[in-house]
Protein chains: 2
Amino acid sequence: MINRVDILIKNGVVLTIDSQMRVIQNGYVAVKDSLIVGVGRSDELLAANLVADEVIDAKDRIIMPGLINSHTHASMSIFRGIADDLPLMEWLNNHIFPAEAKLTPHLVYTGAKLACAEMILSGTTCFCDMYLFEDEVAKAAYDSSMRAVVGEVLYDFPSPCYGNIEQGFEYVEDMINRWHAKSGSLITVAVEPHSTYLCAPKLLQRAAQIASKNEIPLIIHVAETLSECSEIKKRYGATPVKFLANIGVLGPNLIACHSVHLTDEDIELYKSFDVKVAHCPESNMKLASGVAPIPKIIDSGICVGLGTDGAASNNDLDMLLEMDTAAKLHKVFTMNPEALDSKTAVKMATINGARALGLDKITGSLEVGKRADIIVIDISAPHLVPMYNPYSHVVYSATGRDVVLNIIDGKIVMRDRRLFTIDIDSVVSEVQEVVAKKFM
Amino acid sequence: MINRVDILIKNGVVLTIDSQMRVIQNGYVAVKDSLIVGVGRSDELLAANLVADEVIDAKDRIIMPGLINSHTHASMSIFRGIADDLPLMEWLNNHIFPAEAKLTPHLVYTGAKLACAEMILSGTTCFCDMYLFEDEVAKAAYDSSMRAVVGEVLYDFPSPCYGNIEQGFEYVEDMINRWHAKSGSLITVAVEPHSTYLCAPKLLQRAAQIASKNEIPLIIHVAETLSECSEIKKRYGATPVKFLANIGVLGPNLIACHSVHLTDEDIELYKSFDVKVAHCPESNMKLASGVAPIPKIIDSGICVGLGTDGAASNNDLDMLLEMDTAAKLHKVFTMNPEALDSKTAVKMATINGARALGLDKITGSLEVGKRADIIVIDISAPHLVPMYNPYSHVVYSATGRDVVLNIIDGKIVMRDRRLFTIDIDSVVSEVQEVVAKKFM
């Protein structure tokens with residue numbers, strides 16, 4: 001009997017990122033109806049009688065799960081480099097917020113499209129986003145065939161998007177209803193209060209209730225800077241994490257972005273409530289926010305995903321570079337070269353990111369039954385020769401530019417650096433025109 | 001009168017890196033007889049009556065000086081990823097030294113060729129190297145038309161290359177005589193004792209004499225790890241820098257690589273002897289060696305270049321990524337986002353690298369009269385749109401893969417990602433064959 005599949009990728013080094021971290025030296029992955037239907041050794045293919053509509057040769061290539069960007073603000077790609085080398089609060093108050101005051105829904109859509117292009121080209125298949133006019137980001141992801149967790153940013157003051165906070169909650173509920181009905185597994189709506197310093201306890205509790213009722217993630221910036229910590233200490237007499245615990249907001253669906261300045265008690269609280277962490281090392285470095293105690297957090301058994309944060313504080317969305325920085329930063333910061341190894345970095349950017357976002361049943365590893373979110377990395381260029389260890393290559397030597405195939409939910413969205421779901425030329429010229437007019 | 005030139009690159013954003021750090025928004029650079037003969041605004045070209053054999057349009061591109069890798073071990077590209085996530089001494093003693101024992105001159109040549117390919121493709125025009133069988137590295141650089149400062153590594157124990165140290169000094173003198181006669185400005189031979197812990201005072205003093213006599217750089221690893229510092233403390237009762245001062249080896253031609261663990265007195269000594277520093281942040285991070293106090297060193301007026309170190313401790317030779325890491329690392333380590341800005345990072349990788357190597361009269365900036373070491377970076381890809389600030393783009397957003405043109409000493413060595421001086425396919429297959437046989 002012949003087994004017909006849609007896509008067969010073969011002859012590559014397969015990093016499955018399954019529970020045994022199985023590496024298949026000359027392996028294949030088969031895709032049918034958006035799902036992974038086979039993972040194995042290429043020499044078993046003949047016996048399996050597998051016939052594919054599309055056969056992709058991955059000789060001299062690594063086949064691995066698509067990368068998951070656990071925290072970003074996609075549309076901020078239009079502010080890439082608008083202000084650098086500044087402290088977070090000055091950067092935010094004097095540069096980013098004034099620029100964001102000029103945003104329109106359409107500009108948010110276009111910026112998100114630009115970000116989707118960059119992410120697809122650098123091997124990301126799924127991103128977790130927070131912004132204003134977030135419905136536009138959902139549209140951009142959906143139109144680009146990207147998997148995304150999206151959430152309108154909520155805070156105490158009126159939003160240019162939704163108006164007052166009551167309308168904000170309505171906006172969120174509306175997004176949940178529309179997107180979960182429409183998009184299959186592609187778009188997940190989350191509830192995303194900005195932070196403990198921009199959101200009153202009542203807002204945070206209401207947000208948590210909505211997330212809990214809908215069984216979706218609750219996403220918030222936590223303990224990103226020292227000034228945030230001292231502000232919360234002043235207001236509530238507690239660390240941001242302890243404050244969130246006190247008002248009953250910690251839980252397994254909470255994704256605590258950044259989590260730079262944590263006490264041991266904070267880590268204990270995360271652990272006991274199964275809180276997830278989205279770690280953004282490059283942004284924390286660039287804004288001089290600090291170094292999150294990630295090795296300690298991971299050792300405590302807490303799930304940590306990896307994120308780029310927005311392009312304005314990074315200034316790219318390249319998850320391959322982010323893994324490199326994460327692994328190196330924690331080695332030097334702990335003065336321990338074993339603090340965060342390449343395998344751990346890859347897990348943060350794949351299966352642990354998926355788990356953080358509540359998506360590990362459908363993505364984050366190459367296993368039969370999961371949605372087909374797959375990337376292929378070319379390892380024939382001089383900077384990737386020779387190869388002793390594929391994890392080492394992915395983390396320390398490859399960049400997003402080495403990704404040559406990106407499949408999301410079974411659909412080829414990029415091949416040989418060509419994008420299939422985004423008209424990049426028109427996105428780029430639109431961005432350049434608007435930016436020149438509005439922001440320069 | 002018509003002025004005929006060899007190459008004219010026009011319509012690009014020119015970062016001159018001259019003493020005024022002049023940026024020309026729509027600029028040109030003209031090359032004749034290996035020299036830069038014109039730098040200016042493109043709209044002045046007509047009046048200048050400039051006619052070129054080769055005209056290169058740099059619209060949507062940045063034109064800047066070629067990058068200078070101030071410290072590397074090029075041939076170690078063949079050990080890329082052979083051992084990661086280990087402390088320096090274990091990495092060196094249990095993995096790198098045993099692998100190096102199997103080296104042959106030809107393998108050093110081939111590894112250096114691979115490194116030259118990677119460097120050219122990522123925008124480096126000049127590198128400063130230390131290794132064994134270094135004559136082969138000089139050959140590889142020369143055959144690849146790369147500018148290089150090369151030096152045989154010297155230490156107390158017998159070398160597989162030259163035998164005993166007397167023969168080592170002969171090897172160095174021979175290299176100086178042959179290469180300085182042969183290569184024009186392309187190859188500079190330096191004297192390179194490995195470190196204070198592998199070289200006795202007499203070796204170091206003799207090396208300094210040879211360097212001084214020949215007016216060439218003296219290059220050494222200094223204060224890279226805490227274990228080195230405590231070893232030198234035990235042996236000599238001083239810091240590595242103070243020890244070098246005590247034996248009379250500090251001077252303006254000394255390039256002190258790494259310089260991670262410095263006291264304030266060490267920095268004062270560097271300052272008063274005009275010692276140069278080669279900073280290798282990614283390697284120092286990956287080996288958990290520590291963070292060099294670079295902002296403090298720069299503030300003291302000491303010249304700091306930037307290096308990747310070897311590919312086995314990085315694991316790439318991409319200077320664009322190195323700038324990014326340097327800028328971010330020092331921000332977070334000092335908790336000051338202004339500690340090392342993008343402009344400073346670019347200077348480290350260009351003019352200050354040139355000055356460290358004693359080559360600032362001929363390279364490191366785009367100025368009339370200098371040798372033509374020029375690169376062009378494409379900024380049209382999604383991860384480089386929009387552009388508010390070219391320095392920010394070079395440091396925080398671009399990677400080596402965005403370099404589309406590399407000119408060294410007036411010769412186009414790479415264009416549109418195609419190498420003209422290296423048969424990369426044969427280099428790659430040779431490396432892969434040897435590595436599989438000898439090291440796997």
# chains A, B, ... in the order shown; residues from 1 in each chain; ligands from 1
call {"tool": "residues_around", "arguments": {"residues": "Asp299 in chain A", "least_positions_apart": "5", "cutoff": "12 Å", "atoms": "only C-alpha atoms", "output": "PyMOL selection string"}}
result
chain A and resi 267-268+271+293-294+304+339-340+344
call {"tool": "residues_around", "arguments": {"residues": "Asp378 in chain A", "least_positions_apart": "6", "cutoff": "9 Å", "atoms": "only C-alpha atoms", "output": "PDB file with C-alpha atoms, in the first residue's frame"}}
result
ATOM      1  CA  ALA A  58      17.633  18.458   2.956  1.00  0.00           C
ATOM      2  CA  LYS A  59      21.146  17.176   2.316  1.00  0.00           C
ATOM      3  CA  ASP A  60      23.638  19.405   4.219  1.00  0.00           C
ATOM      4  CA  ARG A  61      20.708  20.811   6.114  1.00  0.00           C
ATOM      5  CA  ILE A  62      19.189  20.664   9.586  1.00  0.00           C
ATOM      6  CA  LEU A 384      28.775  26.479   9.195  1.00  0.00           C
ATOM      7  CA  ALA A 398      23.817  29.963  12.357  1.00  0.00           C
ATOM      8  CA  ASP A 402      20.649  30.436   6.987  1.00  0.00           C
ATOM      9  CA  VAL A 403      17.016  29.320   7.130  1.00  0.00           C
ATOM     10  CA  VAL A 404      15.965  28.120   3.681  1.00  0.00           C
ATOM     11  CA  LEU A 405      12.536  26.623   4.328  1.00  0.00           C
TER      12      LEU A 405
END
call {"tool": "interface_residues", "arguments": {"of": "chain A", "to": "chain B", "cutoff": "8 Å", "atoms": "only C-alpha atoms", "output": "PyMOL selection string"}}
result
chain A and resi 77-82+84-87+114-115+117-118+282+284-291+314-317+325+327-329+331-338+340-342+382-383+385-389+392-393+396-397+401+424+428+431-432+435+440
call {"tool": "select_by_dssp", "arguments": {"residues": "range 46-260 of chain B", "states": "strand (DSSP E or B)", "output": "number ranges by chain"}}
result
B: 50-57, 61-65, 67-72, 124-131, 147-154, 159, 163, 187-189, 191-193, 195, 218-222, 254-258
call {"tool": "select_by_dssp", "arguments": {"residues": "range 74-186 of chain A", "states": "alpha helix (DSSP H)", "output": "ChimeraX atom specification"}}
result
/A:88-90,97-100,105-121,134-143,165-182
call {"tool": "residues_around", "arguments": {"residues": "Leu269 in chain A", "least_positions_apart": "3", "cutoff": "12 Å", "atoms": "only C-alpha atoms", "output": "list in words"}}
result
Thr239, Pro240, Val241, Lys242, Phe243, Leu244, Ala245, Asn246, Gly248, Val249, Leu250, Gly251, Pro252, Ala256, Leu262, Thr263, Asp264, Glu265, Asp266, Ser272, Phe273, Asp274, Val275, Lys276, Ile297, Ser300, Gly301 and Ile302 of chain A
call {"tool": "atom_distance", "arguments": {"atom1": "CA of Leu15 in chain A", "atom2": "CA of Ile408 in chain A"}}
result
16.9 Å
call {"tool": "residues_around", "arguments": {"residues": "Ile219 in chain A", "least_positions_apart": "5", "cutoff": "9 Å", "atoms": "only C-alpha atoms", "output": "mmCIF file with all heavy atoms, in the first residue's frame"}}
result
data_model
loop_
_atom_site.group_PDB
_atom_site.id
_atom_site.type_symbol
_atom_site.label_atom_id
_atom_site.label_comp_id
_atom_site.auth_asym_id
_atom_site.auth_seq_id
_atom_site.Cartn_x
_atom_site.Cartn_y
_atom_site.Cartn_z
ATOM 1 N N MET A 130 2.175 41.527 21.928
ATOM 2 C CA MET A 130 1.398 42.485 22.728
ATOM 3 C C MET A 130 1.539 43.841 22.067
ATOM 4 O O MET A 130 2.654 44.310 21.827
ATOM 5 C CB MET A 130 1.948 42.565 24.153
ATOM 6 C CG MET A 130 1.275 43.641 25.021
ATOM 7 S SD MET A 130 2.204 44.034 26.535
ATOM 8 C CE MET A 130 1.773 42.673 27.589
ATOM 9 N N GLY A 151 -2.530 39.759 21.791
ATOM 10 C CA GLY A 151 -3.338 40.356 22.861
ATOM 11 C C GLY A 151 -3.208 41.867 22.871
ATOM 12 O O GLY A 151 -2.106 42.406 22.803
ATOM 13 N N ALA A 190 -4.899 36.256 23.636
ATOM 14 C CA ALA A 190 -4.544 36.250 25.058
ATOM 15 C C ALA A 190 -5.024 37.551 25.698
ATOM 16 O O ALA A 190 -5.396 38.497 24.999
ATOM 17 C CB ALA A 190 -3.032 36.123 25.209
ATOM 18 N N VAL A 191 -5.011 37.581 27.018
ATOM 19 C CA VAL A 191 -5.348 38.815 27.731
ATOM 20 C C VAL A 191 -4.040 39.412 28.239
ATOM 21 O O VAL A 191 -3.258 38.720 28.896
ATOM 22 C CB VAL A 191 -6.312 38.540 28.898
ATOM 23 C CG1 VAL A 191 -6.830 39.864 29.469
ATOM 24 C CG2 VAL A 191 -7.467 37.667 28.435
ATOM 25 N N GLU A 192 -3.786 40.693 27.909
ATOM 26 C CA GLU A 192 -2.439 41.215 28.116
ATOM 27 C C GLU A 192 -2.403 42.585 28.800
ATOM 28 O O GLU A 192 -2.186 43.611 28.150
ATOM 29 C CB GLU A 192 -1.686 41.240 26.777
ATOM 30 C CG GLU A 192 -1.742 39.890 26.045
ATOM 31 C CD GLU A 192 -0.609 39.651 25.054
ATOM 32 O OE1 GLU A 192 0.393 40.383 25.079
ATOM 33 O OE2 GLU A 192 -0.743 38.705 24.244
ATOM 34 N N PRO A 193 -2.558 42.595 30.100
ATOM 35 C CA PRO A 193 -2.321 43.834 30.831
ATOM 36 C C PRO A 193 -0.838 44.186 30.774
ATOM 37 O O PRO A 193 0.009 43.299 30.866
ATOM 38 C CB PRO A 193 -2.752 43.495 32.259
ATOM 39 C CG PRO A 193 -2.631 42.009 32.363
ATOM 40 C CD PRO A 193 -2.898 41.470 30.985
ATOM 41 N N HIS A 194 -0.514 45.483 30.591
ATOM 42 C CA HIS A 194 0.871 45.855 30.293
ATOM 43 C C HIS A 194 1.851 45.457 31.388
ATOM 44 O O HIS A 194 2.874 44.820 31.122
ATOM 45 C CB HIS A 194 0.970 47.359 30.033
ATOM 46 C CG HIS A 194 2.350 47.822 29.673
ATOM 47 N ND1 HIS A 194 3.292 48.150 30.626
ATOM 48 C CD2 HIS A 194 2.958 47.976 28.480
ATOM 49 C CE1 HIS A 194 4.421 48.501 30.024
ATOM 50 N NE2 HIS A 194 4.242 48.403 28.722
ATOM 51 N N ASN A 253 -1.397 29.735 33.546
ATOM 52 C CA ASN A 253 -1.561 30.379 32.225
ATOM 53 C C ASN A 253 -0.902 31.754 32.172
ATOM 54 O O ASN A 253 -0.997 32.447 31.174
ATOM 55 C CB ASN A 253 -3.042 30.478 31.856
ATOM 56 C CG ASN A 253 -3.787 31.447 32.776
ATOM 57 O OD1 ASN A 253 -3.395 31.614 33.937
ATOM 58 N ND2 ASN A 253 -4.844 32.072 32.269
ATOM 59 N N LEU A 254 -0.208 32.139 33.258
ATOM 60 C CA LEU A 254 0.449 33.455 33.266
ATOM 61 C C LEU A 254 1.833 33.367 32.623
ATOM 62 O O LEU A 254 2.656 32.546 33.019
ATOM 63 C CB LEU A 254 0.588 34.002 34.692
ATOM 64 C CG LEU A 254 1.249 35.395 34.783
ATOM 65 C CD1 LEU A 254 0.341 36.475 34.214
ATOM 66 C CD2 LEU A 254 1.640 35.740 36.215
ATOM 67 N N ILE A 255 2.069 34.205 31.627
ATOM 68 C CA ILE A 255 3.400 34.328 31.026
ATOM 69 C C ILE A 255 3.995 35.643 31.512
ATOM 70 O O ILE A 255 3.518 36.723 31.163
ATOM 71 C CB ILE A 255 3.335 34.301 29.493
ATOM 72 C CG1 ILE A 255 2.653 32.999 29.042
ATOM 73 C CG2 ILE A 255 4.738 34.397 28.891
ATOM 74 C CD1 ILE A 255 2.228 33.029 27.592
ATOM 75 N N ALA A 256 5.028 35.520 32.344
ATOM 76 C CA ALA A 256 5.672 36.680 32.948
ATOM 77 C C ALA A 256 6.867 37.064 32.086
ATOM 78 O O ALA A 256 7.924 36.434 32.135
ATOM 79 C CB ALA A 256 6.103 36.353 34.365
ATOM 80 N N CYS A 257 6.683 38.105 31.261
ATOM 81 C CA CYS A 257 7.741 38.494 30.320
ATOM 82 C C CYS A 257 8.854 39.230 31.063
ATOM 83 O O CYS A 257 8.590 39.997 31.978
ATOM 84 C CB CYS A 257 7.162 39.386 29.234
ATOM 85 S SG CYS A 257 5.786 38.593 28.382
#
call {"tool": "atom_distance", "arguments": {"atom1": "CA of Arg22 in chain B", "atom2": "CA of Pro217 in chain B"}}
result
29.4 Å
call {"tool": "residues_around", "arguments": {"residues": "range 359-361 of chain B", "least_positions_apart": "5", "cutoff": "10 Å", "atoms": "only C-alpha atoms", "output": "mmCIF file with C-alpha atoms, in the first residue's frame"}}
result
data_model
loop_
_atom_site.group_PDB
_atom_site.id
_atom_site.type_symbol
_atom_site.label_atom_id
_atom_site.label_comp_id
_atom_site.auth_asym_id
_atom_site.auth_seq_id
_atom_site.Cartn_x
_atom_site.Cartn_y
_atom_site.Cartn_z
ATOM 1 C CA CYS B 126 41.803 42.670 7.736
ATOM 2 C CA VAL B 149 48.698 40.731 10.760
ATOM 3 C CA SER B 185 51.050 46.388 2.543
ATOM 4 C CA THR B 188 52.347 42.335 8.424
ATOM 5 C CA THR B 350 37.215 49.863 12.009
ATOM 6 C CA ILE B 351 39.535 52.792 12.753
ATOM 7 C CA ASN B 352 40.427 51.797 16.314
ATOM 8 C CA GLY B 353 41.172 48.246 15.204
ATOM 9 C CA ALA B 354 43.434 49.700 12.532
ATOM 10 C CA GLY B 369 44.982 58.380 0.278
ATOM 11 C CA LYS B 370 44.189 55.258 2.283
ATOM 12 C CA ARG B 371 44.284 51.775 0.767
#
call {"tool": "residues_around", "arguments": {"residues": "Val137 in chain A", "least_positions_apart": "2", "cutoff": "10 Å", "atoms": "only C-alpha atoms", "output": "count of residues only"}}
result
30
call {"tool": "atom_distance", "arguments": {"atom1": "CA of Ala207 in chain B", "atom2": "CA of Cys161 in chain B"}}
result
17.2 Å
call {"tool": "residues_around", "arguments": {"residues": "Ala208 in chain A", "least_positions_apart": "4", "cutoff": "7 Å", "atoms": "only C-alpha atoms", "output": "PyMOL selection string"}}
result
chain A and resi 204+212+218+249
call {"tool": "write_last_selection", "arguments": {"atoms": "N, CA and C atoms", "output": "mmCIF file, in the first residue's frame"}}
result
data_model
loop_
_atom_site.group_PDB
_atom_site.id
_atom_site.type_symbol
_atom_site.label_atom_id
_atom_site.label_comp_id
_atom_site.auth_asym_id
_atom_site.auth_seq_id
_atom_site.Cartn_x
_atom_site.Cartn_y
_atom_site.Cartn_z
ATOM 1 N N LEU A 204 -5.921 44.139 36.664
ATOM 2 C CA LEU A 204 -5.178 42.881 36.579
ATOM 3 C C LEU A 204 -6.076 41.695 36.936
ATOM 4 N N SER A 212 -8.806 33.217 32.454
ATOM 5 C CA SER A 212 -9.156 31.950 33.087
ATOM 6 C C SER A 212 -10.468 31.397 32.510
ATOM 7 N N LEU A 218 -2.556 34.587 30.009
ATOM 8 C CA LEU A 218 -2.539 35.929 30.587
ATOM 9 C C LEU A 218 -1.080 36.382 30.505
ATOM 10 N N VAL A 249 -3.310 36.704 41.036
ATOM 11 C CA VAL A 249 -3.210 36.691 39.575
ATOM 12 C C VAL A 249 -2.215 35.647 39.055
#
call {"tool": "closest_residue", "arguments": {"among": "B:Met414, B:Val172, B:Arg206, B:Asp18", "to": "Val376 in chain B", "atoms": "only C-alpha atoms"}}
result
B:Met414
call {"tool": "closest_residue", "arguments": {"among": "B:Gly237, B:Gly12, B:Pro98, B:Pro201", "to": "Tyr155 in chain B", "atoms": "only C-alpha atoms"}}
result
B:Pro201
call {"tool": "decode", "arguments": {"residues": "range 109-120 of chain B", "atoms": "N, CA, C and O atoms", "output": "PDB file, in the first residue's frame"}}
result
ATOM      1  N   TYR B 109      46.675  25.715   6.627  1.00  0.00           N
ATOM      2  CA  TYR B 109      46.396  26.521   5.431  1.00  0.00           C
ATOM      3  C   TYR B 109      44.923  26.416   5.044  1.00  0.00           C
ATOM      4  O   TYR B 109      44.250  27.425   4.816  1.00  0.00           O
ATOM      5  N   THR B 110      44.433  25.191   4.993  1.00  0.00           N
ATOM      6  CA  THR B 110      43.054  24.977   4.552  1.00  0.00           C
ATOM      7  C   THR B 110      42.062  25.598   5.535  1.00  0.00           C
ATOM      8  O   THR B 110      41.074  26.228   5.139  1.00  0.00           O
ATOM      9  N   GLY B 111      42.327  25.422   6.841  1.00  0.00           N
ATOM     10  CA  GLY B 111      41.454  26.030   7.846  1.00  0.00           C
ATOM     11  C   GLY B 111      41.446  27.549   7.733  1.00  0.00           C
ATOM     12  O   GLY B 111      40.400  28.191   7.859  1.00  0.00           O
ATOM     13  N   ALA B 112      42.624  28.120   7.476  1.00  0.00           N
ATOM     14  CA  ALA B 112      42.708  29.579   7.325  1.00  0.00           C
ATOM     15  C   ALA B 112      41.966  30.045   6.079  1.00  0.00           C
ATOM     16  O   ALA B 112      41.324  31.101   6.082  1.00  0.00           O
ATOM     17  N   LYS B 113      42.040  29.249   5.023  1.00  0.00           N
ATOM     18  CA  LYS B 113      41.301  29.582   3.802  1.00  0.00           C
ATOM     19  C   LYS B 113      39.796  29.611   4.065  1.00  0.00           C
ATOM     20  O   LYS B 113      39.074  30.520   3.624  1.00  0.00           O
ATOM     21  N   LEU B 114      39.329  28.595   4.801  1.00  0.00           N
ATOM     22  CA  LEU B 114      37.909  28.554   5.183  1.00  0.00           C
ATOM     23  C   LEU B 114      37.545  29.806   5.975  1.00  0.00           C
ATOM     24  O   LEU B 114      36.502  30.439   5.746  1.00  0.00           O
ATOM     25  N   ALA B 115      38.414  30.174   6.900  1.00  0.00           N
ATOM     26  CA  ALA B 115      38.171  31.373   7.720  1.00  0.00           C
ATOM     27  C   ALA B 115      38.184  32.635   6.858  1.00  0.00           C
ATOM     28  O   ALA B 115      37.356  33.534   7.052  1.00  0.00           O
ATOM     29  N   CYS B 116      39.117  32.711   5.922  1.00  0.00           N
ATOM     30  CA  CYS B 116      39.163  33.881   5.027  1.00  0.00           C
ATOM     31  C   CYS B 116      37.855  34.010   4.250  1.00  0.00           C
ATOM     32  O   CYS B 116      37.319  35.116   4.088  1.00  0.00           O
ATOM     33  N   ALA B 117      37.348  32.872   3.796  1.00  0.00           N
ATOM     34  CA  ALA B 117      36.066  32.903   3.068  1.00  0.00           C
ATOM     35  C   ALA B 117      34.967  33.456   3.968  1.00  0.00           C
ATOM     36  O   ALA B 117      34.208  34.352   3.575  1.00  0.00           O
ATOM     37  N   GLU B 118      34.900  32.921   5.185  1.00  0.00           N
ATOM     38  CA  GLU B 118      33.866  33.398   6.123  1.00  0.00           C
ATOM     39  C   GLU B 118      34.048  34.889   6.428  1.00  0.00           C
ATOM     40  O   GLU B 118      33.074  35.641   6.471  1.00  0.00           O
ATOM     41  N   MET B 119      35.288  35.299   6.624  1.00  0.00           N
ATOM     42  CA  MET B 119      35.544  36.701   6.965  1.00  0.00           C
ATOM     43  C   MET B 119      35.197  37.625   5.809  1.00  0.00           C
ATOM     44  O   MET B 119      34.548  38.660   5.995  1.00  0.00           O
ATOM     45  N   ILE B 120      35.634  37.267   4.611  1.00  0.00           N
ATOM     46  CA  ILE B 120      35.332  38.112   3.450  1.00  0.00           C
ATOM     47  C   ILE B 120      33.813  38.229   3.268  1.00  0.00           C
ATOM     48  O   ILE B 120      33.274  39.306   3.044  1.00  0.00           O
TER      49      ILE B 120
END
